[in-house]
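Here is data.tsv, consisting of TSV, C-alpha atoms:
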```
chain	number	residue	atom	x	y	z
H	1	MET	CA	46.55	-98.37	35.80
H	2	SER	CA	45.51	-94.83	34.99
H	3	SER	CA	48.15	-92.45	33.80
H	4	VAL	CA	46.22	-89.48	35.13
H	5	MET	CA	47.48	-88.28	38.48
H	6	PRO	CA	44.70	-87.89	41.09
H	7	GLN	CA	43.92	-84.27	41.82
H	8	PRO	CA	43.70	-83.15	45.43
H	9	GLU	CA	40.23	-82.13	46.46
H	10	LEU	CA	39.95	-78.42	47.15
H	11	ALA	CA	38.44	-77.46	50.48
H	12	PRO	CA	34.95	-76.03	50.03
H	13	ILE	CA	34.54	-72.28	50.40
H	14	VAL	CA	32.77	-71.76	53.74
H	15	ALA	CA	32.87	-67.96	53.80
H	16	CYS	CA	33.27	-64.94	51.58
H	17	THR	CA	34.13	-61.34	52.17
H	18	VAL	CA	31.74	-59.04	50.32
H	19	CYS	CA	32.96	-55.50	49.78
H	20	ARG	CA	33.64	-52.83	47.20
H	21	ASP	CA	37.39	-53.47	47.37
H	22	VAL	CA	38.86	-55.94	49.82
H	23	GLN	CA	42.19	-54.09	49.69
H	24	ASN	CA	40.50	-51.32	51.69
H	25	PHE	CA	40.19	-53.81	54.56
H	26	ASP	CA	43.68	-55.29	54.78
H	27	LEU	CA	43.23	-56.27	58.43
H	28	LEU	CA	40.16	-58.26	57.42
H	29	ILE	CA	42.23	-60.25	54.93
H	30	GLU	CA	44.73	-61.16	57.64
H	31	ASP	CA	42.06	-62.19	60.13
H	32	MET	CA	40.11	-64.24	57.56
H	33	GLU	CA	43.28	-66.13	56.61
H	34	ALA	CA	44.12	-66.71	60.27
H	35	ALA	CA	40.62	-68.04	61.02
H	36	LEU	CA	39.83	-69.99	57.82
H	37	GLY	CA	43.08	-70.59	55.96
H	38	GLU	CA	42.19	-70.89	52.26
H	39	SER	CA	38.53	-71.82	52.78
H	40	TRP	CA	37.24	-68.36	51.94
H	41	GLY	CA	36.81	-66.13	48.92
H	42	ASP	CA	36.20	-62.51	48.04
H	43	LEU	CA	33.26	-61.03	46.14
H	44	GLY	CA	32.13	-57.61	45.03
H	45	PHE	CA	28.58	-56.46	45.72
H	46	ALA	CA	27.16	-57.39	42.31
H	47	GLU	CA	29.20	-60.61	42.22
H	48	ALA	CA	27.76	-61.69	45.55
H	49	LEU	CA	24.17	-61.47	44.32
H	50	ALA	CA	25.07	-63.58	41.27
H	51	PHE	CA	27.12	-66.07	43.31
H	52	PHE	CA	24.28	-66.81	45.73
H	53	GLY	CA	22.46	-68.57	42.87
H	54	GLN	CA	25.40	-70.87	42.05
H	55	PRO	CA	25.79	-74.44	43.41
H	56	GLU	CA	29.12	-73.45	44.97
H	57	ALA	CA	27.26	-71.13	47.34
H	58	GLU	CA	25.58	-74.07	49.08
H	59	SER	CA	28.69	-74.61	51.21
H	60	LEU	CA	28.75	-71.02	52.48
H	61	GLU	CA	28.34	-70.68	56.23
H	62	PHE	CA	28.64	-66.91	56.43
H	63	ILE	CA	29.59	-63.76	54.57
H	64	ALA	CA	31.65	-60.92	55.99
H	65	LEU	CA	30.01	-57.79	54.58
H	66	ALA	CA	32.63	-55.02	54.86
H	67	ILE	CA	31.51	-51.44	54.23
H	68	ASP	CA	32.63	-47.88	54.84
H	69	SER	CA	31.05	-44.46	54.50
H	70	GLU	CA	31.36	-44.48	50.70
H	71	ASP	CA	29.12	-47.55	50.49
H	72	GLU	CA	26.12	-45.93	52.18
H	73	GLU	CA	24.81	-44.68	48.83
H	74	ASN	CA	24.42	-48.35	47.86
H	75	LEU	CA	22.19	-49.19	50.82
H	76	VAL	CA	19.53	-50.75	48.59
H	77	MET	CA	22.04	-53.20	47.12
H	78	LEU	CA	23.56	-53.92	50.55
H	79	THR	CA	20.12	-54.67	51.93
H	80	GLU	CA	19.44	-57.03	49.03
H	81	ILE	CA	22.73	-58.86	49.65
H	82	VAL	CA	21.78	-59.33	53.30
H	83	ASN	CA	18.26	-60.47	52.40
H	84	GLN	CA	19.52	-63.03	49.88
H	85	ALA	CA	22.01	-64.37	52.41
H	86	VAL	CA	19.33	-64.69	55.10
H	87	ILE	CA	16.96	-66.47	52.69
H	88	ARG	CA	19.68	-69.06	52.04
H	89	ASP	CA	20.51	-69.48	55.74
H	90	ILE	CA	23.89	-67.84	55.25
H	91	ALA	CA	24.93	-65.91	58.35
H	92	VAL	CA	26.06	-62.29	58.02
H	93	ILE	CA	28.93	-60.65	59.88
H	94	LEU	CA	28.77	-56.90	59.32
H	95	ILE	CA	32.10	-55.08	59.38
H	96	ALA	CA	31.81	-51.31	59.21
H	97	GLU	CA	34.06	-48.26	59.31
H	98	ASP	CA	32.66	-44.73	59.73
H	99	VAL	CA	29.14	-45.80	58.80
H	100	SER	CA	26.17	-43.80	60.10
H	101	PRO	CA	23.93	-45.35	62.78
H	102	PRO	CA	20.80	-45.46	60.55
H	103	THR	CA	22.65	-47.57	57.96
H	104	LEU	CA	24.08	-49.85	60.64
H	105	HIS	CA	20.71	-50.35	62.28
H	106	ALA	CA	18.98	-51.02	58.94
H	107	LEU	CA	21.45	-53.75	57.99
H	108	MET	CA	21.58	-55.26	61.48
H	109	ARG	CA	17.80	-55.49	61.62
H	110	GLN	CA	17.78	-57.32	58.30
H	111	SER	CA	20.60	-59.72	59.12
H	112	ASN	CA	20.18	-60.32	62.86
H	113	GLY	CA	23.84	-61.23	62.68
H	114	GLU	CA	27.14	-60.18	64.23
H	115	PHE	CA	28.71	-56.73	64.08
H	116	VAL	CA	32.44	-55.97	64.21
H	117	PRO	CA	33.85	-52.43	63.96
H	118	TYR	CA	36.76	-51.67	61.65
H	119	PRO	CA	39.69	-51.43	62.28
H	120	LEU	CA	39.16	-54.87	63.74
H	121	PRO	CA	39.85	-55.24	67.48
H	122	GLU	CA	42.19	-58.10	68.29
H	123	ASN	CA	40.50	-61.54	68.03
H	124	GLU	CA	37.10	-59.88	67.50
H	125	LEU	CA	36.52	-61.43	64.07
H	126	ALA	CA	37.47	-64.91	65.30
H	127	GLU	CA	35.06	-64.54	68.21
H	128	ALA	CA	32.29	-63.34	65.88
H	129	ILE	CA	32.89	-66.36	63.63
H	130	ALA	CA	32.73	-68.67	66.65
H	131	ARG	CA	29.44	-67.12	67.78
H	132	THR	CA	28.06	-67.45	64.27
H	133	LYS	CA	28.98	-71.13	64.08
H	134	GLN	CA	27.44	-71.68	67.49
H	135	LYS	CA	24.17	-70.09	66.38
H	136	ASN	CA	24.14	-72.26	63.25
H	137	ASP	CA	24.75	-75.48	65.17
H	138	PRO	CA	21.31	-77.17	65.42
H	139	LYS	CA	22.18	-78.83	68.71
H	140	VAL	CA	23.36	-75.60	70.22
H	141	ALA	CA	20.49	-73.61	68.78
H	142	ALA	CA	17.95	-76.05	70.17
H	143	GLY	CA	19.29	-75.64	73.67
H	144	ALA	CA	20.50	-72.07	73.41
H	145	ASP	CA	19.21	-69.78	76.08
H	146	ASN	CA	20.73	-66.42	76.85
H	147	SER	CA	18.59	-66.00	79.95
H	148	PRO	CA	20.36	-65.86	83.30
H	149	ARG	CA	19.63	-68.65	85.75
H	150	LEU	CA	17.77	-67.30	88.77
H	151	ASP	CA	17.76	-68.82	92.22
H	152	SER	CA	14.15	-69.45	93.22
H	153	ASN	CA	15.12	-69.08	96.90
H	154	ALA	CA	16.86	-65.73	96.46
H	155	ASP	CA	15.91	-62.89	98.77
H	156	LYS	CA	18.56	-60.21	98.31
H	157	GLN	CA	16.49	-57.00	98.61
H	158	GLY	CA	18.88	-55.22	96.26
H	159	ALA	CA	19.36	-51.47	95.98
H	160	VAL	CA	17.41	-49.63	93.27
H	161	PHE	CA	18.83	-46.74	91.24
H	162	ALA	CA	16.73	-45.05	88.56
H	163	VAL	CA	17.96	-42.77	85.78
H	164	HIS	CA	15.50	-40.24	84.35
H	165	GLY	CA	16.70	-37.81	81.69
H	166	LEU	CA	14.97	-34.44	81.93
H	167	ALA	CA	15.46	-33.72	78.22
H	168	GLY	CA	16.33	-35.66	75.11
H	169	GLY	CA	19.97	-36.50	74.51
H	170	VAL	CA	21.24	-35.74	78.01
H	171	GLY	CA	22.91	-39.15	78.35
H	172	ALA	CA	20.42	-40.96	80.59
H	173	THR	CA	20.74	-44.33	78.84
H	174	THR	CA	24.51	-43.94	78.57
H	175	LEU	CA	24.66	-43.39	82.33
H	176	ALA	CA	22.29	-46.27	83.12
H	177	VAL	CA	24.04	-48.81	80.88
H	178	ASN	CA	27.58	-47.94	81.92
H	179	LEU	CA	26.73	-47.59	85.61
H	180	ALA	CA	25.16	-51.06	85.54
H	181	TRP	CA	28.21	-52.50	83.78
H	182	GLU	CA	30.69	-50.84	86.15
H	183	LEU	CA	28.77	-52.15	89.17
H	184	ALA	CA	28.68	-55.65	87.71
H	185	ASN	CA	32.48	-55.55	87.35
H	186	ILE	CA	33.32	-53.64	90.51
H	187	SER	CA	35.09	-56.60	92.08
H	188	LYS	CA	36.83	-59.61	90.54
H	189	GLU	CA	36.55	-61.67	93.73
H	190	ALA	CA	32.98	-60.90	94.79
H	191	ALA	CA	31.22	-59.08	91.98
H	192	PRO	CA	27.64	-58.10	92.85
H	193	SER	CA	24.74	-59.25	90.70
H	194	VAL	CA	23.22	-56.44	88.65
H	195	CYS	CA	19.97	-56.16	86.68
H	196	LEU	CA	19.32	-53.38	84.17
H	197	LEU	CA	15.65	-52.64	83.44
H	198	ASP	CA	14.68	-50.61	80.37
H	199	LEU	CA	11.23	-49.22	81.16
H	200	ASP	CA	10.96	-46.92	78.16
H	201	MET	CA	8.33	-48.97	76.33
H	202	GLN	CA	8.49	-46.85	73.19
H	203	PHE	CA	12.00	-45.57	72.57
H	204	GLY	CA	14.10	-47.64	74.97
H	205	SER	CA	17.56	-48.20	73.50
H	206	VAL	CA	19.36	-50.32	76.10
H	207	SER	CA	19.16	-53.26	73.69
H	208	THR	CA	20.93	-51.17	71.03
H	209	TYR	CA	23.60	-49.95	73.46
H	210	LEU	CA	24.42	-53.58	74.37
H	211	ASP	CA	23.64	-55.19	71.00
H	212	LEU	CA	20.94	-57.43	72.46
H	213	PRO	CA	17.77	-58.68	70.73
H	214	ARG	CA	14.34	-57.66	71.96
H	215	ARG	CA	12.26	-60.56	73.24
H	216	GLU	CA	8.55	-61.17	72.90
H	217	ALA	CA	8.74	-62.62	76.40
H	218	VAL	CA	9.10	-59.08	77.77
H	219	TYR	CA	5.64	-58.07	76.56
H	220	GLU	CA	4.15	-61.36	77.74
H	221	MET	CA	5.61	-60.90	81.21
H	222	LEU	CA	4.52	-57.25	81.52
H	223	SER	CA	1.01	-58.15	80.35
H	224	GLU	CA	0.49	-60.60	83.21
H	225	THR	CA	2.65	-59.60	86.14
H	226	GLU	CA	0.08	-61.12	88.51
H	227	THR	CA	1.29	-64.58	87.44
H	228	MET	CA	4.97	-63.64	87.14
H	229	ASP	CA	7.29	-66.03	88.93
H	230	ASP	CA	11.05	-66.59	88.95
H	231	GLU	CA	10.95	-68.64	85.75
H	232	VAL	CA	8.86	-66.13	83.79
H	233	PHE	CA	11.03	-63.23	84.95
H	234	GLY	CA	14.22	-65.10	84.12
H	235	GLN	CA	13.03	-65.97	80.61
H	236	ALA	CA	12.36	-62.30	79.89
H	237	LEU	CA	15.92	-61.34	80.84
H	238	LEU	CA	19.00	-61.50	78.64
H	239	SER	CA	22.55	-61.97	79.83
H	240	PHE	CA	25.23	-59.61	78.51
H	241	GLU	CA	28.60	-61.36	78.48
H	242	ASP	CA	27.41	-63.61	81.34
H	243	THR	CA	27.87	-60.67	83.71
H	244	LEU	CA	24.93	-58.27	83.44
H	245	SER	CA	21.24	-59.26	83.33
H	246	VAL	CA	19.12	-57.02	81.12
H	247	LEU	CA	15.39	-56.55	80.60
H	248	THR	CA	15.13	-54.80	77.24
H	249	SER	CA	12.16	-52.74	76.15
H	250	PRO	CA	9.54	-54.77	74.23
H	251	ALA	CA	9.98	-55.59	70.55
H	252	ASP	CA	6.98	-53.43	69.59
H	253	MET	CA	6.36	-49.79	70.48
H	254	LEU	CA	3.76	-49.90	73.25
H	255	PRO	CA	1.77	-47.27	75.16
H	256	LEU	CA	3.41	-46.29	78.43
H	257	GLU	CA	0.02	-46.73	80.12
H	258	MET	CA	-0.15	-50.43	79.26
H	259	ILE	CA	1.50	-51.20	82.60
H	260	SER	CA	0.16	-50.07	85.95
H	261	PRO	CA	1.92	-48.96	89.12
H	262	GLU	CA	1.14	-52.42	90.53
H	263	ASP	CA	2.90	-54.05	87.56
H	264	ILE	CA	5.99	-51.92	88.10
H	265	SER	CA	5.98	-52.61	91.82
H	266	ARG	CA	5.88	-56.38	91.21
H	267	LEU	CA	8.66	-56.11	88.63
H	268	ILE	CA	10.96	-54.13	90.91
H	269	ALA	CA	10.25	-56.46	93.83
H	270	MET	CA	11.13	-59.48	91.68
H	271	ALA	CA	14.35	-57.84	90.48
H	272	ARG	CA	15.35	-56.79	94.00
H	273	ALA	CA	14.85	-60.33	95.26
H	274	HIS	CA	17.38	-61.73	92.79
H	275	PHE	CA	19.98	-58.98	92.36
H	276	ASP	CA	22.22	-56.83	94.53
H	277	TYR	CA	21.66	-53.79	92.30
H	278	VAL	CA	18.73	-52.85	90.07
H	279	ILE	CA	19.34	-50.03	87.58
H	280	ILE	CA	16.25	-48.61	85.87
H	281	ASP	CA	16.37	-46.58	82.66
H	282	MET	CA	13.22	-44.45	82.74
H	283	PRO	CA	11.29	-42.78	79.91
H	284	SER	CA	11.68	-39.01	79.88
H	285	THR	CA	7.89	-38.73	80.01
H	286	LEU	CA	6.15	-38.59	83.39
H	287	VAL	CA	3.65	-41.45	83.67
H	288	HIS	CA	1.36	-42.68	86.40
H	289	TRP	CA	3.94	-45.25	87.55
H	290	THR	CA	6.84	-42.77	87.79
H	291	GLU	CA	5.80	-42.27	91.41
H	292	THR	CA	6.17	-46.00	92.03
H	293	VAL	CA	9.75	-46.06	90.71
H	294	LEU	CA	10.67	-42.91	92.64
H	295	THR	CA	9.26	-44.36	95.86
H	296	GLU	CA	11.02	-47.71	95.36
H	297	SER	CA	14.37	-46.15	94.41
H	298	HIS	CA	17.21	-45.53	96.81
H	299	VAL	CA	18.51	-42.77	94.51
H	300	TYR	CA	16.78	-41.22	91.49
H	301	PHE	CA	19.37	-39.75	89.10
H	302	CYS	CA	18.23	-36.89	86.86
H	303	PRO	CA	20.73	-36.10	84.08
H	304	ILE	CA	20.57	-32.56	82.69
H	305	GLU	CA	22.73	-30.26	80.59
H	306	LEU	CA	23.75	-26.65	80.91
H	307	ASP	CA	21.03	-25.14	78.72
H	308	MET	CA	17.68	-23.40	78.99
H	309	ARG	CA	15.52	-26.39	78.05
H	310	CYS	CA	16.98	-28.47	80.88
H	311	ALA	CA	16.60	-25.59	83.33
H	312	GLN	CA	12.93	-25.18	82.45
H	313	ASN	CA	12.24	-28.93	82.48
H	314	THR	CA	13.99	-29.32	85.85
H	315	LEU	CA	11.83	-26.59	87.36
H	316	ARG	CA	8.62	-28.12	85.98
H	317	PHE	CA	9.67	-31.63	87.04
H	318	LYS	CA	10.49	-30.52	90.55
H	319	ARG	CA	7.18	-28.62	90.90
H	320	ALA	CA	5.19	-31.60	89.62
H	321	LEU	CA	6.71	-33.91	92.24
H	322	GLN	CA	6.35	-31.39	95.04
H	323	SER	CA	2.68	-30.81	94.21
H	324	GLU	CA	2.08	-34.52	94.79
H	325	GLU	CA	4.22	-34.50	97.95
H	326	LEU	CA	6.58	-37.08	96.49
H	327	PRO	CA	10.05	-37.74	97.99
H	328	VAL	CA	12.08	-35.16	96.04
H	329	GLU	CA	14.94	-35.69	98.47
H	330	LYS	CA	15.77	-38.85	96.51
H	331	LEU	CA	16.55	-36.81	93.38
H	332	ARG	CA	20.22	-36.44	92.46
H	333	TYR	CA	20.81	-34.02	89.61
H	334	VAL	CA	23.59	-35.00	87.23
H	335	MET	CA	25.19	-32.38	84.97
H	336	ASN	CA	26.24	-34.14	81.78
H	337	ARG	CA	28.84	-32.57	79.47
H	338	ALA	CA	29.86	-30.40	82.39
H	339	PRO	CA	32.43	-27.61	81.89
H	340	LYS	CA	36.05	-28.62	82.22
H	341	PHE	CA	38.00	-27.90	85.38
H	342	THR	CA	39.72	-24.93	83.79
H	343	ASP	CA	36.47	-23.44	82.45
H	344	LEU	CA	35.78	-21.01	85.30
H	345	SER	CA	33.00	-19.27	83.38
H	346	GLY	CA	31.23	-22.57	82.76
H	347	LYS	CA	31.55	-23.63	86.38
H	348	SER	CA	30.06	-20.30	87.43
H	349	ARG	CA	27.09	-20.90	85.09
H	350	VAL	CA	26.50	-24.33	86.68
H	351	LYS	CA	26.49	-22.73	90.12
H	352	ARG	CA	24.05	-20.01	89.06
H	353	MET	CA	21.77	-22.58	87.44
H	354	ALA	CA	21.66	-24.65	90.62
H	355	GLU	CA	20.95	-21.57	92.75
H	356	SER	CA	18.20	-20.27	90.47
H	357	LEU	CA	16.47	-23.67	90.46
H	358	ASP	CA	17.09	-24.21	94.19
H	359	ILE	CA	18.66	-27.60	93.57
H	360	SER	CA	21.97	-29.26	94.28
H	361	ILE	CA	23.89	-30.58	91.29
H	362	ASP	CA	25.66	-33.46	92.95
H	363	LEU	CA	27.49	-35.04	90.03
H	364	LEU	CA	29.41	-33.47	87.15
H	365	LEU	CA	30.05	-35.73	84.17
H	366	PRO	CA	32.55	-34.58	81.52
H	367	ASP	CA	31.91	-34.69	77.79
H	368	GLY	CA	33.08	-38.10	76.61
H	369	GLY	CA	33.17	-37.00	72.98
H	370	LYS	CA	32.88	-39.22	69.92
H	371	PRO	CA	33.95	-42.48	71.68
H	372	VAL	CA	30.68	-42.44	73.63
H	373	LEU	CA	28.64	-42.49	70.42
H	374	GLN	CA	30.93	-45.10	68.88
H	375	ALA	CA	30.60	-47.40	71.88
H	376	ALA	CA	26.80	-47.15	71.70
H	377	ASP	CA	26.78	-47.84	67.96
H	378	HIS	CA	29.03	-50.85	68.46
H	379	GLY	CA	26.86	-52.22	71.26
H	380	LEU	CA	29.63	-52.13	73.85
H	381	PRO	CA	30.08	-50.59	77.30
H	382	LEU	CA	32.30	-47.53	77.30
H	383	VAL	CA	35.06	-49.30	79.24
H	384	THR	CA	35.42	-51.84	76.42
H	385	GLN	CA	35.62	-49.21	73.70
H	386	ALA	CA	37.53	-46.46	75.53
H	387	ALA	CA	38.61	-47.39	79.06
H	388	LYS	CA	40.48	-44.11	79.59
H	389	ASN	CA	37.62	-41.91	78.47
H	390	PRO	CA	36.96	-39.20	81.10
H	391	LEU	CA	33.23	-39.94	81.17
H	392	ARG	CA	33.88	-43.63	81.78
H	393	LYS	CA	36.25	-42.78	84.65
H	394	GLU	CA	33.61	-40.63	86.37
H	395	ILE	CA	30.92	-43.30	86.00
H	396	ALA	CA	33.37	-45.87	87.42
H	397	LYS	CA	33.97	-43.56	90.42
H	398	LEU	CA	30.22	-43.26	90.94
H	399	ALA	CA	29.82	-47.04	90.82
H	400	LEU	CA	32.59	-47.45	93.39
H	401	GLN	CA	30.99	-44.88	95.71
H	402	ILE	CA	27.61	-46.62	95.46
H	403	HIS	CA	29.14	-50.03	96.15
H	404	GLU	CA	31.15	-48.80	99.14
H	405	LEU	CA	28.07	-47.13	100.63
H	406	GLN	CA	26.04	-50.31	100.18
H	407	GLU	CA	28.74	-52.43	101.79
H	408	THR	CA	28.95	-50.02	104.72
H	409	ALA	CA	25.17	-50.10	105.13
H	410	ALA	CA	25.15	-53.91	104.96
H	411	LYS	CA	27.81	-54.18	107.68
H	412	ALA	CA	25.95	-51.71	109.89
H	413	ALA	CA	22.78	-53.76	109.54
```

Go through the file and emit its structure as structure tokens.
Amino acid sequence: MSSVMPQPELAPIVACTVCRDVQNFDLLIEDMEAALGESWGDLGFAEALAFFGQPEAESLEFIALAIDSEDEENLVMLTEIVNQAVIRDIAVILIAEDVSPPTLHALMRQSNGEFVPYPLPENELAEAIARTKQKNDPKVAAGADNSPRLDSNADKQGAVFAVHGLAGGVGATTLAVNLAWELANISKEAAPSVCLLDLDMQFGSVSTYLDLPRREAVYEMLSETETMDDEVFGQALLSFEDTLSVLTSPADMLPLEMISPEDISRLIAMARAHFDYVIIDMPSTLVHWTETVLTESHVYFCPIELDMRCAQNTLRFKRALQSEELPVEKLRYVMNRAPKFTDLSGKSRVKRMAESLDISIDLLLPDGGKPVLQAADHGLPLVTQAAKNPLRKEIAKLALQIHELQETAAKAA
């Protein structure tokens, strides 16, 4: 009989936090302990690169890479950590606080993993870990499909709303994404089906705003719309939180002329047949199929701001449509970052701008401030990040007005 007492086997380390100093992320420590008990460790940046080559690293399922603004100067090392993890099939959960969008995007592109903002929202880390484990499960991965299931017999003839920013940075994508999300959640009992189409083939950012991957199937579908059926269309779509169906822009930057007006017409017809609402995020450039979208749309929103560039672009845009005798009555001008209620001087400037351009500015959206940018960087709708934000409240009101008008029209029909 051996006199040596048997030693209890230690649980393998399945995850590690990787950061400059884990004490800077005290909430992360608590959440890691709650999710994994003692089956996790902590590594510095240099230690992580050395540890990946050790036998003990073979049991790692994921790393939680936690960074803040001070770590951006070490982007080369951070990228190498992510690359080494990916090479070894170790998933990456990126946790960031006050990190610039270029750094976030660079690391997310390399890792294709999960992102969680810091301070950590409640249960967000646990959910990210669950999603990571699901992705790594071979059985789940083999059958995983984030495409919505479309009814081949659907014939909804949904309403179409396009959003076309008349200058860069006027909030067109923010409006399109959040309007689509608000419509999709307008009713708990009978929520309408909503499809969001990103038709900016070059700089479309709907996928970034909702943290969705870009699919090769999008390019394949757009290349052969003549053969597009329900299955092909459905496979090109992605589902955001099982609520909103999204067609992202293609993975590669493509010429806007690669698709014809006929292609766009088929795409809109297919979307209308399956969804109650179709929201289209348009490129700011006028192309030969802009007319098709304008003609198909029930309302064509044109976000602008209170500055000279928007005034000049609005005038040129309006003249271009009128010269072709297009239905300019469908245009609804949206003043983003509109003056506050107490800013009488600003309100007077808005009125003078509308009069000088001979347009009606039908919707005034307040400046949502920094939370709008943060929500976009985190890949979340504004209501999730800042439900009480004044911009979110106005977009929610717009969604409610649209839905009530559509219900009234449906009853009248």

Write out as a list in words each polymer residue whose atoms come within 7 Å of Ala180 (chain H), counting all atoms listed in the file; drop sequence neighbours fewer than 4 positions from it.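 So, after excluding close chain neighbours, the residues are Ala176, Ala184, Val194, Leu196 and Ile279 of chain H.
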
Neighbouring residues of Asp281 (chain H) were defined as those with any atom within 10 Å, considering only C-alpha atoms; residues of the same chain fewer than 4 positions away were excluded. Please report them as a ChimeraX atom specification. /H:161-165,172-177,196-200,204-206,248-249,301

Export, as a short mmCIF file (atom, residue, chain, number, x, y, z; two decimals), in the coordinates of the input, the selected residues with C-alpha atoms.
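See result.cif below for the written result:
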```cif
data_model
loop_
_atom_site.label_atom_id
_atom_site.label_comp_id
_atom_site.auth_asym_id
_atom_site.auth_seq_id
_atom_site.Cartn_x
_atom_site.Cartn_y
_atom_site.Cartn_z
CA PHE H 161 18.83 -46.74 91.24
CA ALA H 162 16.73 -45.05 88.56
CA VAL H 163 17.96 -42.77 85.78
CA HIS H 164 15.50 -40.24 84.35
CA GLY H 165 16.70 -37.81 81.69
CA ALA H 172 20.42 -40.96 80.59
CA THR H 173 20.74 -44.33 78.84
CA THR H 174 24.51 -43.94 78.57
CA LEU H 175 24.66 -43.39 82.33
CA ALA H 176 22.29 -46.27 83.12
CA VAL H 177 24.04 -48.81 80.88
CA LEU H 196 19.32 -53.38 84.17
CA LEU H 197 15.65 -52.64 83.44
CA ASP H 198 14.68 -50.61 80.37
CA LEU H 199 11.23 -49.22 81.16
CA ASP H 200 10.96 -46.92 78.16
CA GLY H 204 14.10 -47.64 74.97
CA SER H 205 17.56 -48.20 73.50
CA VAL H 206 19.36 -50.32 76.10
CA THR H 248 15.13 -54.80 77.24
CA SER H 249 12.16 -52.74 76.15
CA PHE H 301 19.37 -39.75 89.10
#
```

Counting only C-alpha atoms, which residues come within 12 Å of (19.7, -53.8, 48.1), with the point read in the file's coordinates, and could you list them as a ChimeraX atom specification? /H:45-46,48-49,71-85,106-107,110

Figure out the distance between CA of Lys388 (chain H) and CA of Phe25 (chain H), please, to one decimal in Å.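 Between CA of Phe25 (chain H) and CA of Lys388 (chain H) the gap works out to 26.8 Å.
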
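Between CA of Ile67 (chain H) and CA of Gln54 (chain H) the separation is 23.7 Å.
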
Between CA of Leu363 (chain H) and CA of Thr314 (chain H), what is the distance, to one decimal in Å?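 Distance between the two atoms: 15.2 Å.
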
Skipping near chain neighbours, those fewer than 5 positions away, what residues fall within 10 Å of Lys340 (chain H) using only C-alpha atoms, listed as a PyMOL selection string? chain H and resi 345-347+364-367

Let me see the file: selected residues, C-alpha atoms, as a short mmCIF file (atom, residue, chain, number, x, y, z; two decimals), keeping the file's coordinate frame.
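That gives us selection31.cif:
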```
data_model
loop_
_atom_site.label_atom_id
_atom_site.label_comp_id
_atom_site.auth_asym_id
_atom_site.auth_seq_id
_atom_site.Cartn_x
_atom_site.Cartn_y
_atom_site.Cartn_z
CA SER H 345 33.00 -19.27 83.38
CA GLY H 346 31.23 -22.57 82.76
CA LYS H 347 31.55 -23.63 86.38
CA LEU H 364 29.41 -33.47 87.15
CA LEU H 365 30.05 -35.73 84.17
CA PRO H 366 32.55 -34.58 81.52
CA ASP H 367 31.91 -34.69 77.79
#
```

Counting all atoms listed in the file, what is within 8 Å of Thr132 (chain H), bar same-chain residues fewer than 4 positions away, as a PyMOL selection string? chain H and resi 62+91+113-114+128+136

Pick from H:Leu179, H:Arg316, H:Ser147, H:Ser265 nearest to Val218 (chain H), counting all atoms listed in the file: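 With all atoms listed in the file as the atom set, the closest residue is H:Ser147.
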
Using all atoms listed in the file, which residues sit within 12 Å of Asn185 (chain H) once same-chain residues fewer than 5 positions away are excluded, as a VMD selection string? chain H and resid 178 to 180 190 to 194 241 to 244 381 383 to 384 396 399 to 400 403

For the residues selected in the previous step, produce a file with C-alpha atoms as a PDB file, in the coordinates of the input.
```
ATOM      1  CA  ASN H 178      27.580 -47.940  81.920  1.00  0.00           C
ATOM      2  CA  LEU H 179      26.730 -47.590  85.610  1.00  0.00           C
ATOM      3  CA  ALA H 180      25.160 -51.060  85.540  1.00  0.00           C
ATOM      4  CA  ALA H 190      32.980 -60.900  94.790  1.00  0.00           C
ATOM      5  CA  ALA H 191      31.220 -59.080  91.980  1.00  0.00           C
ATOM      6  CA  PRO H 192      27.640 -58.100  92.850  1.00  0.00           C
ATOM      7  CA  SER H 193      24.740 -59.250  90.700  1.00  0.00           C
ATOM      8  CA  VAL H 194      23.220 -56.440  88.650  1.00  0.00           C
ATOM      9  CA  GLU H 241      28.600 -61.360  78.480  1.00  0.00           C
ATOM     10  CA  ASP H 242      27.410 -63.610  81.340  1.00  0.00           C
ATOM     11  CA  THR H 243      27.870 -60.670  83.710  1.00  0.00           C
ATOM     12  CA  LEU H 244      24.930 -58.270  83.440  1.00  0.00           C
ATOM     13  CA  PRO H 381      30.080 -50.590  77.300  1.00  0.00           C
ATOM     14  CA  VAL H 383      35.060 -49.300  79.240  1.00  0.00           C
ATOM     15  CA  THR H 384      35.420 -51.840  76.420  1.00  0.00           C
ATOM     16  CA  ALA H 396      33.370 -45.870  87.420  1.00  0.00           C
ATOM     17  CA  ALA H 399      29.820 -47.040  90.820  1.00  0.00           C
ATOM     18  CA  LEU H 400      32.590 -47.450  93.390  1.00  0.00           C
ATOM     19  CA  HIS H 403      29.140 -50.030  96.150  1.00  0.00           C
TER      20      HIS H 403
END
```

So, counting all atoms listed in the file, which residue among H:Asp31, H:Glu226, H:Glu305, H:Glu324 is closest to Pro339 (chain H)?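 Closest to Pro339 (chain H), using all atoms listed in the file: H:Glu305.
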
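Using all atoms listed in the file, the shortest contact distance between Ala387 (chain H) and any of H:Glu124, H:Glu296, H:Asp98, H:Glu182 is found at H:Glu182.
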
Within 10 Å of (21.0, -43.1, 97.1), all atoms listed in the file: residues as a PyMOL selection string? chain H and resi 159-162+297-301+329-332+402+405-406
